[in-house]
$ cat model_10.tsv   # TSV, C-alpha atoms (C1' of nucleotides)
chain	number	residue	atom	x	y	z
A	1	MET	CA	75.81	190.11	169.20
A	2	PRO	CA	74.36	191.25	172.34
A	3	GLU	CA	75.82	192.11	175.65
A	4	LEU	CA	73.72	193.11	178.61
A	5	PRO	CA	72.72	196.59	177.34
A	6	GLU	CA	71.50	195.16	174.04
A	7	VAL	CA	69.43	192.46	175.74
A	8	GLU	CA	67.96	195.03	178.10
A	9	THR	CA	67.06	197.20	175.11
A	10	VAL	CA	65.34	194.21	173.51
A	11	ARG	CA	63.45	193.51	176.73
A	12	ARG	CA	62.21	197.06	176.98
A	13	GLY	CA	61.14	197.03	173.35
A	14	LEU	CA	59.26	193.75	173.61
A	15	ALA	CA	57.58	194.31	176.97
A	16	PRO	CA	54.74	196.61	175.79
A	17	ALA	CA	53.77	194.17	173.05
A	18	MET	CA	54.20	190.94	174.98
A	19	GLU	CA	53.23	191.53	178.60
A	20	GLY	CA	49.63	190.54	179.16
A	21	ALA	CA	49.27	188.96	175.71
A	22	PHE	CA	48.14	185.40	175.00
A	23	ILE	CA	50.27	183.14	172.84
A	24	THR	CA	47.80	181.85	170.26
A	25	ARG	CA	50.34	179.94	168.20
A	26	LEU	CA	54.06	179.20	168.21
A	27	GLU	CA	55.60	178.78	164.80
A	28	LEU	CA	58.83	176.77	164.68
A	29	ASN	CA	60.62	176.92	161.36
A	30	ARG	CA	63.40	174.53	162.29
A	31	PRO	CA	63.97	172.01	165.08
A	32	ASP	CA	67.02	173.66	166.59
A	33	LEU	CA	69.10	176.76	167.07
A	34	ARG	CA	72.41	176.19	168.80
A	35	PHE	CA	70.64	173.47	170.80
A	36	PRO	CA	67.43	171.63	169.99
A	37	LEU	CA	64.35	173.71	170.76
A	38	PRO	CA	62.42	172.44	173.81
A	39	GLU	CA	60.40	169.27	173.42
A	40	ASN	CA	56.70	170.03	172.93
A	41	PHE	CA	57.65	173.72	172.85
A	42	ALA	CA	54.53	174.80	170.97
A	43	SER	CA	52.03	172.83	173.03
A	44	ALA	CA	53.66	174.02	176.25
A	45	VAL	CA	53.26	177.72	175.48
A	46	GLU	CA	50.20	177.94	173.24
A	47	GLY	CA	47.19	179.28	175.14
A	48	ARG	CA	49.38	180.70	177.90
A	49	ARG	CA	49.42	184.33	178.89
A	50	ILE	CA	52.72	186.21	179.16
A	51	VAL	CA	52.97	187.62	182.66
A	52	SER	CA	56.15	189.63	182.35
A	53	LEU	CA	59.45	189.98	180.55
A	54	GLY	CA	62.66	189.78	182.55
A	55	ARG	CA	66.38	189.59	182.02
A	56	ARG	CA	69.29	187.92	183.76
A	57	ALA	CA	72.73	188.82	182.40
A	58	LYS	CA	72.43	188.31	178.63
A	59	TYR	CA	69.38	186.07	178.93
A	60	LEU	CA	65.85	187.23	178.13
A	61	LEU	CA	63.14	185.69	180.32
A	62	ILE	CA	59.56	185.33	179.10
A	63	ASP	CA	57.44	184.49	182.13
A	64	LEU	CA	54.21	182.59	181.43
A	65	ASP	CA	51.17	182.36	183.69
A	66	ASP	CA	51.82	178.76	184.72
A	67	ASP	CA	55.30	178.88	186.33
A	68	LEU	CA	57.08	178.22	183.04
A	69	THR	CA	59.70	180.63	181.74
A	70	VAL	CA	61.06	180.77	178.22
A	71	ILE	CA	64.80	181.41	178.55
A	72	SER	CA	66.14	183.01	175.39
A	73	HIS	CA	69.74	183.81	174.54
A	74	LEU	CA	70.50	185.78	171.39
A	75	GLY	CA	73.98	184.40	170.81
A	76	MET	CA	75.95	186.61	168.44
A	77	SER	CA	73.37	187.47	165.81
A	78	GLY	CA	69.91	186.96	167.29
A	79	SER	CA	67.23	189.65	167.19
A	80	PHE	CA	63.52	190.03	167.85
A	81	ARG	CA	61.14	192.17	165.88
A	82	ILE	CA	57.46	192.97	166.29
A	83	GLU	CA	55.00	192.88	163.41
A	84	ASP	CA	51.28	193.40	162.97
A	85	ASP	CA	49.82	189.91	162.56
A	86	THR	CA	46.82	191.02	160.50
A	87	VAL	CA	48.90	191.71	157.42
A	88	GLY	CA	51.16	189.41	155.48
A	89	GLU	CA	54.88	189.60	155.04
A	90	PHE	CA	56.20	192.97	155.98
A	91	HIS	CA	59.78	193.96	155.55
A	92	HIS	CA	61.28	196.84	157.37
A	93	PRO	CA	64.01	198.52	155.34
A	94	ARG	CA	66.56	197.05	157.72
A	95	SER	CA	64.71	193.83	158.20
A	96	LYS	CA	66.48	190.52	158.28
A	97	ASN	CA	66.54	187.79	155.72
A	98	ALA	CA	63.32	185.88	156.37
A	99	LYS	CA	65.06	182.56	155.92
A	100	HIS	CA	66.53	183.11	159.37
A	101	ASP	CA	63.15	183.73	161.03
A	102	HIS	CA	63.34	180.61	163.18
A	103	VAL	CA	60.70	181.12	165.87
A	104	VAL	CA	57.51	183.20	165.68
A	105	PHE	CA	55.25	183.94	168.64
A	106	HIS	CA	51.74	184.79	167.45
A	107	LEU	CA	50.08	186.91	170.11
A	108	GLN	CA	46.58	188.13	170.84
A	109	ARG	CA	46.07	191.05	173.14
A	110	GLU	CA	42.98	193.19	173.15
A	111	ALA	CA	42.19	193.90	169.51
A	112	ALA	CA	45.61	193.78	167.94
A	113	PRO	CA	47.18	190.48	166.95
A	114	ARG	CA	50.94	190.70	166.79
A	115	ARG	CA	53.76	188.40	165.93
A	116	ILE	CA	57.13	188.43	167.63
A	117	ILE	CA	59.79	187.06	165.32
A	118	TYR	CA	63.12	185.63	166.40
A	119	ASN	CA	65.73	185.87	163.64
A	120	ASP	CA	69.25	184.49	164.04
A	121	PRO	CA	71.52	183.95	161.02
A	122	ARG	CA	74.37	182.28	162.89
A	123	ARG	CA	72.12	180.30	165.21
A	124	PHE	CA	74.38	180.73	168.22
A	125	GLY	CA	71.27	181.66	170.17
A	126	PHE	CA	68.98	179.19	171.91
A	127	MET	CA	65.70	178.86	173.78
A	128	HIS	CA	64.93	176.71	176.77
A	129	LEU	CA	61.83	176.13	178.87
A	130	TRP	CA	62.34	176.07	182.62
A	131	LYS	CA	60.23	176.13	185.76
A	132	ARG	CA	60.30	179.66	187.11
A	133	SER	CA	60.30	178.45	190.70
A	134	GLU	CA	63.51	176.54	189.94
A	135	LEU	CA	65.24	179.15	187.81
A	136	ASP	CA	68.25	179.20	190.11
A	137	LEU	CA	68.86	175.59	189.10
A	138	TYR	CA	69.14	176.42	185.41
A	139	PRO	CA	72.75	175.42	184.70
A	140	ALA	CA	73.86	178.72	183.22
A	141	PHE	CA	72.37	180.67	186.13
A	142	ALA	CA	73.76	178.54	188.92
A	143	GLU	CA	77.30	179.88	188.52
A	144	LEU	CA	76.47	183.35	187.24
A	145	GLY	CA	78.08	186.35	188.92
A	146	PRO	CA	76.23	189.49	190.02
A	147	GLU	CA	74.66	191.97	187.62
A	148	PRO	CA	77.02	194.87	186.87
A	149	THR	CA	74.40	197.46	187.77
A	150	GLY	CA	73.24	195.83	190.98
A	151	ASN	CA	74.37	196.39	194.55
A	152	ALA	CA	75.89	192.92	194.82
A	153	LEU	CA	78.74	194.05	192.59
A	154	ASP	CA	81.12	196.24	194.53
A	155	ALA	CA	84.84	196.74	194.83
A	156	ASP	CA	85.13	194.36	197.78
A	157	TYR	CA	83.45	191.56	195.84
A	158	LEU	CA	85.74	192.10	192.86
A	159	ALA	CA	88.77	192.14	195.15
A	160	GLY	CA	87.74	188.74	196.47
A	161	ARG	CA	87.42	187.36	192.98
A	162	PHE	CA	90.65	188.91	191.66
A	163	SER	CA	92.90	188.30	194.65
A	164	GLY	CA	95.90	186.18	193.72
A	165	LYS	CA	94.89	185.85	190.09
A	166	ASN	CA	97.44	186.12	187.30
A	167	GLN	CA	94.76	186.11	184.63
A	168	PRO	CA	94.67	189.35	182.60
A	169	LEU	CA	91.90	191.77	183.53
A	170	LYS	CA	90.34	191.38	180.09
A	171	GLY	CA	89.71	187.68	180.57
A	172	ALA	CA	88.72	188.03	184.22
A	173	LEU	CA	85.98	190.52	183.34
A	174	LEU	CA	84.68	188.43	180.46
A	175	ASP	CA	84.18	185.54	182.90
A	176	GLN	CA	80.42	185.44	183.45
A	177	THR	CA	80.88	183.89	186.88
A	178	VAL	CA	82.74	187.05	187.98
A	179	VAL	CA	80.38	189.65	186.49
A	180	ALA	CA	77.29	188.63	184.54
A	181	GLY	CA	76.56	190.32	181.26
A	182	LEU	CA	79.82	191.98	180.26
A	183	GLY	CA	81.10	191.14	176.78
A	184	ASN	CA	83.97	192.11	174.55
A	185	ILE	CA	82.87	195.67	173.82
A	186	TYR	CA	82.02	196.83	177.31
A	187	VAL	CA	85.02	195.18	178.94
A	188	CYS	CA	87.28	197.14	176.56
A	189	GLU	CA	85.37	200.33	177.24
A	190	ALA	CA	85.33	199.90	181.03
A	191	LEU	CA	89.09	199.24	181.12
A	192	TRP	CA	89.72	202.35	179.02
A	193	ARG	CA	87.54	204.46	181.30
A	194	SER	CA	89.50	203.30	184.32
A	195	HIS	CA	92.91	203.68	182.58
A	196	LEU	CA	93.79	200.04	183.26
A	197	SER	CA	95.64	197.87	180.79
A	198	PRO	CA	93.72	194.79	179.65
A	199	LYS	CA	96.98	192.86	180.07
A	200	ARG	CA	97.30	193.73	183.74
A	201	ALA	CA	96.99	190.77	186.10
A	202	ALA	CA	93.64	190.83	187.89
A	203	GLY	CA	95.38	190.25	191.22
A	204	SER	CA	97.53	193.37	190.74
A	205	ILE	CA	94.70	195.74	191.63
A	206	VAL	CA	94.13	194.02	194.98
A	207	THR	CA	96.26	194.67	198.08
A	208	LYS	CA	98.19	191.92	199.83
A	209	THR	CA	95.48	191.78	202.46
A	210	GLY	CA	92.81	191.25	199.82
A	211	ARG	CA	91.44	194.79	199.84
A	212	PRO	CA	90.57	196.67	196.63
A	213	LYS	CA	93.19	199.15	195.50
A	214	LYS	CA	92.00	202.56	194.31
A	215	GLU	CA	92.32	201.31	190.73
A	216	LEU	CA	89.81	198.58	191.41
A	217	ALA	CA	87.33	201.08	192.81
A	218	LEU	CA	87.73	203.11	189.61
A	219	LEU	CA	87.17	199.98	187.52
A	220	HIS	CA	84.00	199.17	189.43
A	221	THR	CA	82.65	202.67	188.81
A	222	ALA	CA	83.60	202.47	185.13
A	223	ILE	CA	81.73	199.17	184.69
A	224	ARG	CA	78.55	200.58	186.19
A	225	GLU	CA	78.73	203.76	184.17
A	226	VAL	CA	79.51	202.24	180.80
A	227	ILE	CA	76.62	199.78	181.13
A	228	ALA	CA	74.22	202.50	182.24
A	229	ASP	CA	75.31	204.80	179.40
A	230	ALA	CA	74.89	202.02	176.83
A	231	ILE	CA	71.40	201.11	178.04
A	232	ALA	CA	70.41	204.76	177.89
A	233	ALA	CA	71.58	204.85	174.25
A	234	GLY	CA	69.63	201.74	173.26
A	235	GLY	CA	72.70	199.51	173.05
A	236	SER	CA	75.26	199.29	170.29
A	237	SER	CA	74.42	198.43	166.69
A	238	LEU	CA	77.37	196.95	164.86
A	239	ARG	CA	76.22	194.34	162.38
A	240	ASP	CA	73.24	192.56	163.80
A	241	HIS	CA	71.75	194.35	166.74
A	242	ILE	CA	68.59	196.25	165.93
A	243	GLN	CA	65.86	197.25	168.31
A	244	THR	CA	62.53	195.49	168.18
A	245	ASP	CA	61.06	198.18	165.95
A	246	GLY	CA	63.96	197.91	163.50
A	247	SER	CA	65.73	201.03	164.70
A	248	LEU	CA	69.38	201.07	165.68
A	249	GLY	CA	71.06	201.55	169.03
A	250	TYR	CA	73.36	204.52	169.29
A	251	PHE	CA	76.08	203.60	171.75
A	252	GLN	CA	78.50	202.55	169.00
A	253	HIS	CA	78.97	206.27	168.32
A	254	SER	CA	80.25	206.59	171.88
A	255	PHE	CA	82.92	203.90	171.70
A	256	SER	CA	86.19	205.19	173.04
A	257	VAL	CA	88.40	202.27	172.05
A	258	TYR	CA	86.31	199.41	170.64
A	259	ASP	CA	86.81	199.06	166.87
A	260	ARG	CA	88.97	202.21	166.84
A	261	GLU	CA	92.37	200.66	166.04
A	262	GLY	CA	94.85	203.28	164.82
A	263	LYS	CA	92.65	206.20	165.85
A	264	PRO	CA	93.60	208.79	168.46
A	265	CYS	CA	92.90	207.99	172.09
A	266	ARG	CA	90.03	210.05	173.44
A	267	THR	CA	91.54	210.55	176.88
A	268	PRO	CA	92.07	214.33	177.14
A	269	GLY	CA	95.74	215.20	176.70
A	270	CYS	CA	96.78	211.58	176.13
A	271	GLY	CA	97.90	211.77	172.52
A	272	GLY	CA	98.15	207.99	172.27
A	273	THR	CA	96.83	205.72	169.54
A	274	VAL	CA	94.32	202.92	170.03
A	275	ALA	CA	95.93	199.51	169.55
A	276	ARG	CA	94.43	196.13	168.87
A	277	ILE	CA	95.78	192.91	170.31
A	278	THR	CA	94.42	189.38	170.61
A	279	GLN	CA	93.75	187.92	174.03
A	280	ALA	CA	92.33	184.41	174.43
A	281	GLY	CA	91.42	184.47	170.76
A	282	ARG	CA	89.43	187.69	170.88
A	283	SER	CA	90.23	191.25	169.84
A	284	THR	CA	91.11	193.69	172.57
A	285	PHE	CA	91.25	197.43	171.87
A	286	TYR	CA	93.09	199.72	174.25
A	287	CYS	CA	95.39	202.71	174.50
A	288	PRO	CA	98.93	201.66	175.49
A	289	ALA	CA	99.72	205.27	176.41
A	290	CYS	CA	97.11	205.85	179.12
A	291	GLN	CA	96.03	202.37	180.16
A	292	LYS	CA	98.61	201.06	182.62
B	293	DT	C1'	93.26	174.86	188.64
B	294	DT	C1'	94.12	177.71	184.56
B	295	DA	C1'	94.60	179.26	179.97
B	296	DT	C1'	94.32	178.96	175.23
B	297	DA	C1'	92.23	177.06	170.98
B	298	DA	C1'	88.65	175.16	168.48
B	299	DA	C1'	83.97	174.53	167.57
B	300	DC	C1'	79.25	175.96	166.61
B	301	DC	C1'	77.17	178.88	161.63
B	302	DT	C1'	76.39	182.56	158.42
B	303	DG	C1'	77.34	187.02	156.60
B	304	DT	C1'	80.30	190.79	155.37
B	305	DC	C1'	84.23	193.09	153.97
B	306	DA	C1'	89.04	193.84	152.31
B	307	DG	C1'	92.26	192.43	149.07
B	308	DC	C1'	93.71	190.29	144.93
C	309	DT	C1'	82.86	190.04	139.01
C	310	DG	C1'	84.49	186.38	141.75
C	311	DC	C1'	87.38	184.03	144.83
C	312	DT	C1'	89.81	183.68	149.47
C	313	DG	C1'	90.71	184.68	154.00
C	314	DA	C1'	89.88	187.17	158.13
C	315	DC	C1'	86.72	188.53	161.27
C	316	DA	C1'	82.27	189.27	164.05
C	317	DG	C1'	78.70	191.30	170.03
C	318	DG	C1'	78.91	184.43	172.96
C	319	DT	C1'	79.39	180.12	175.15
C	320	DT	C1'	80.91	175.36	175.59
C	321	DT	C1'	84.11	171.71	175.02
C	322	DA	C1'	88.52	169.85	174.30
C	323	DT	C1'	93.42	170.14	174.82
C	324	DA	C1'	97.73	171.51	176.87

$ encode --input "model_10.tsv" --output "structure tokens"
Amino acid sequence: MPELPEVETVRRGLAPAMEGAFITRLELNRPDLRFPLPENFASAVEGRRIVSLGRRAKYLLIDLDDDLTVISHLGMSGSFRIEDDTVGEFHHPRSKNAKHDHVVFHLQREAAPRRIIYNDPRRFGFMHLWKRSELDLYPAFAELGPEPTGNALDADYLAGRFSGKNQPLKGALLDQTVVAGLGNIYVCEALWRSHLSPKRAAGSIVTKTGRPKKELALLHTAIREVIADAIAAGGSSLRDHIQTDGSLGYFQHSFSVYDREGKPCRTPGCGGTVARITQAGRSTFYCPACQK
DNA sequence: TTATAAACCTGTCAGC
DNA sequence: TGCTGACAGGTTTATA
């Protein structure tokens, strides 16, 4: 499910309930998700206090008070929800099938016990334990590109990565070593906002001397803006993504091209129709009329 | 080096 | 109603 804005929404939803709380018990309802859960996972985290909640790209980071960090990835269908731990089973109207509640953090903080439930029907998500002081050595982080909203991502950096590349822009932007956190939805949206075709070679928006063309500067701006807009809206709820309180994100109502095949392009005066093609096995939505 | 395809797993939806 | 096939927000591994 989640791209960067959805994970950030989850982080913001969980932080008030988790930061400062003690983990009294970790409930593991199966031995694995996509990968085996960490060895001695429960004994490593039980009794620890959660110092803070962080995020890197699409990864949620739960920092404990002893230099350990729980690294959590939600895959395609993972979600967290918060429940009052003094009552029994509670089901929000939109709540998930409890048979996919794989990991439950039981928390104690001041007077209110809570449980944080990780649900993931497809089990493409995973959790790892890693030393916080060595987080840069975590394999997935070692090669990760800059955050799309940070200062490290600018047009010059992208020019360096795109220069000489024949790979289509769609694939180049999905590459997490180029930009960290972009997924299928927001790549489509950012390309639409910058009027660039997803089929365009990445190297074609870089000059012969390796400088960013104007189009690349527009793309950089579009990436920043679409991510910021989506975070402000609480992410996008398609099938699986719900916020930690069970409510939905709203950005899906703002999609300009994603999942809008056959519908009119929203570029003012364009008059084109949104098309859907397959690139590297994944759906791409774009407007052939205004994305060149 | 680069690019595509398949794999992981379950749920949902369209079509017959 | 029930079956089948296509498809889904991600990442890794294998194959060409």

$ residues_around --input "model_10.tsv" --residues "DA316 of chain C" --least-positions-apart "2" --cutoff "10 Å" --atoms "all atoms listed in the file" --output "PDB file with C-alpha atoms (C1' of nucleotides), keeping the file's coordinate frame"
ATOM      1  CA  MET A   1      75.810 190.110 169.200  1.00  0.00           C
ATOM      2  CA  MET A  76      75.950 186.610 168.440  1.00  0.00           C
ATOM      3  CA  SER A  77      73.370 187.470 165.810  1.00  0.00           C
ATOM      4  CA  LEU A 238      77.370 196.950 164.860  1.00  0.00           C
ATOM      5  CA  ARG A 239      76.220 194.340 162.380  1.00  0.00           C
ATOM      6  CA  ASP A 240      73.240 192.560 163.800  1.00  0.00           C
TER       7      ASP A 240
ATOM      8  C1'  DG B 303      77.340 187.020 156.600  1.00  0.00           C
ATOM      9  C1'  DT B 304      80.300 190.790 155.370  1.00  0.00           C
TER      10       DT B 304
ATOM     11  C1'  DA C 314      89.880 187.170 158.130  1.00  0.00           C
TER      12       DA C 314
END

$ atom_distance --input "model_10.tsv" --atom1 "atom CA of Asp84 of chain A" --atom2 "atom CA of Arg114 of chain A"
4.7 Å

$ atom_distance --input "model_10.tsv" --atom1 "atom CA of Gly203 of chain A" --atom2 "atom CA of Val187 of chain A"
16.8 Å

$ closest_residue --input "model_10.tsv" --among "A:Thr221, A:Gln108, A:Gln252, A:Ser247" --to "chain C" --atoms "only C-alpha atoms (C1' of nucleotides)"
A:Gln252

$ residues_around --input "model_10.tsv" --residues "segment 294-302 of chain B" --least-positions-apart "6" --cutoff "6 Å" --atoms "only C-alpha atoms (C1' of nucleotides)" --output "list of chain:residue names"
A:Pro121, A:Arg122, A:Ala280

$ atom_distance --input "model_10.tsv" --atom1 "atom CA of Glu19 of chain A" --atom2 "atom CA of Ala42 of chain A"
18.4 Å

$ closest_residue --input "model_10.tsv" --among "A:Ser283, A:Ser133, A:Asn119, A:Thr273" --to "chain C" --atoms "only C-alpha atoms (C1' of nucleotides)"
A:Ser283

$ residues_around --input "model_10.tsv" --residues "Tyr59 of chain A" --least-positions-apart "6" --cutoff "9 Å" --atoms "only C-alpha atoms (C1' of nucleotides)" --output "PyMOL selection string"
chain A and resi 4+7+71-74+181

$ residues_around --input "model_10.tsv" --residues "Asp101 of chain A" --least-positions-apart "2" --cutoff "12 Å" --atoms "only C-alpha atoms (C1' of nucleotides)" --output "ChimeraX atom specification"
/A:27-30,33,77-81,89,95-99,103-105,115-123

$ interface_residues --input "model_10.tsv" --of "chain C" --to "chain A" --cutoff "9 Å" --atoms "all atoms listed in the file" --output "list in words"
DA316, DG317, DG318 and DT319 of chain C

$ residues_around --input "model_10.tsv" --residues "DA306 of chain B" --least-positions-apart "5" --cutoff "12 Å" --atoms "all atoms listed in the file" --output "CSV table (one decimal) with C-alpha atoms (C1' of nucleotides), in the frame of the given file"
chain,number,residue,atom,x,y,z
C,312,DT,C1',89.8,183.7,149.5
C,313,DG,C1',90.7,184.7,154.0
C,314,DA,C1',89.9,187.2,158.1
C,315,DC,C1',86.7,188.5,161.3

$ residues_near_point --input "model_10.tsv" --point "(84.2, 203.5, 168.9)" --cutoff "10 Å" --atoms "all atoms listed in the file" --output "ChimeraX atom specification"
/A:185,189,236,251-261,263,266,285

$ axis_aligned_box --input "model_10.tsv" --around "segment 293-302 of chain B" --padding-each-side "4 Å" --output "JSON"
{"center_x": 85.5, "center_y": 178.5, "center_z": 173.5, "size_x": 26.2, "size_y": 16.0, "size_z": 38.2}

$ build_atoms --input "model_10.tsv" --residues "segment 189-219 of chain A" --atoms "N, CA and C atoms" --output "short mmCIF file (atom, residue, chain, number, x, y, z; two decimals), keeping the file's coordinate frame"
data_model
loop_
_atom_site.label_atom_id
_atom_site.label_comp_id
_atom_site.auth_asym_id
_atom_site.auth_seq_id
_atom_site.Cartn_x
_atom_site.Cartn_y
_atom_site.Cartn_z
N GLU A 189 85.73 198.95 176.91
CA GLU A 189 85.37 200.33 177.24
C GLU A 189 85.57 200.63 178.73
N ALA A 190 85.20 199.67 179.58
CA ALA A 190 85.33 199.90 181.03
C ALA A 190 86.81 200.00 181.42
N LEU A 191 87.66 199.17 180.80
CA LEU A 191 89.09 199.24 181.12
C LEU A 191 89.68 200.58 180.65
N TRP A 192 89.23 201.05 179.49
CA TRP A 192 89.72 202.35 179.02
C TRP A 192 89.30 203.45 179.98
N ARG A 193 88.04 203.41 180.40
CA ARG A 193 87.54 204.46 181.30
C ARG A 193 88.30 204.48 182.62
N SER A 194 88.79 203.32 183.04
CA SER A 194 89.50 203.30 184.32
C SER A 194 91.02 203.33 184.13
N HIS A 195 91.47 203.55 182.90
CA HIS A 195 92.91 203.68 182.58
C HIS A 195 93.71 202.46 183.00
N LEU A 196 93.09 201.28 182.90
CA LEU A 196 93.79 200.04 183.26
C LEU A 196 94.08 199.25 181.99
N SER A 197 95.28 198.69 181.94
CA SER A 197 95.64 197.87 180.79
C SER A 197 94.89 196.54 180.83
N PRO A 198 94.39 196.11 179.69
CA PRO A 198 93.72 194.79 179.65
C PRO A 198 94.67 193.64 179.93
N LYS A 199 95.98 193.91 179.84
CA LYS A 199 96.98 192.86 180.07
C LYS A 199 97.36 192.73 181.54
N ARG A 200 96.99 193.70 182.30
CA ARG A 200 97.30 193.73 183.74
C ARG A 200 96.72 192.50 184.45
N ALA A 201 97.50 191.91 185.34
CA ALA A 201 96.99 190.77 186.10
C ALA A 201 95.87 191.23 187.03
N ALA A 202 94.79 190.44 187.07
CA ALA A 202 93.64 190.83 187.89
C ALA A 202 94.06 191.03 189.35
N GLY A 203 94.96 190.18 189.82
CA GLY A 203 95.38 190.25 191.22
C GLY A 203 96.19 191.50 191.54
N SER A 204 96.66 192.22 190.50
CA SER A 204 97.53 193.37 190.74
C SER A 204 96.77 194.62 191.17
N ILE A 205 95.44 194.57 191.14
CA ILE A 205 94.70 195.74 191.63
C ILE A 205 94.02 195.41 192.97
N VAL A 206 94.60 194.41 193.64
CA VAL A 206 94.13 194.02 194.98
C VAL A 206 95.34 194.10 195.91
N THR A 207 95.14 194.60 197.14
CA THR A 207 96.26 194.67 198.08
C THR A 207 96.60 193.29 198.61
N LYS A 208 97.76 193.21 199.30
CA LYS A 208 98.19 191.92 199.83
C LYS A 208 97.20 191.36 200.85
N THR A 209 96.45 192.25 201.48
CA THR A 209 95.48 191.78 202.46
C THR A 209 94.10 191.53 201.83
N GLY A 210 94.06 191.58 200.49
CA GLY A 210 92.81 191.25 199.82
C GLY A 210 91.82 192.40 199.72
N ARG A 211 92.32 193.62 199.94
CA ARG A 211 91.44 194.79 199.84
C ARG A 211 91.55 195.39 198.44
N PRO A 212 90.49 196.04 197.95
CA PRO A 212 90.57 196.67 196.63
C PRO A 212 91.50 197.88 196.65
N LYS A 213 92.41 197.93 195.67
CA LYS A 213 93.19 199.15 195.50
C LYS A 213 92.29 200.22 194.88
N LYS A 214 92.77 201.45 194.88
CA LYS A 214 92.00 202.56 194.31
C LYS A 214 91.64 202.27 192.86
N GLU A 215 92.57 201.63 192.14
CA GLU A 215 92.32 201.31 190.73
C GLU A 215 91.12 200.39 190.56
N LEU A 216 90.94 199.50 191.51
CA LEU A 216 89.81 198.58 191.41
C LEU A 216 88.50 199.31 191.67
N ALA A 217 88.54 200.27 192.57
CA ALA A 217 87.33 201.08 192.81
C ALA A 217 86.96 201.86 191.55
N LEU A 218 87.99 202.36 190.86
CA LEU A 218 87.73 203.11 189.61
C LEU A 218 87.14 202.18 188.55
N LEU A 219 87.67 200.96 188.49
CA LEU A 219 87.17 199.98 187.52
C LEU A 219 85.70 199.65 187.80
#
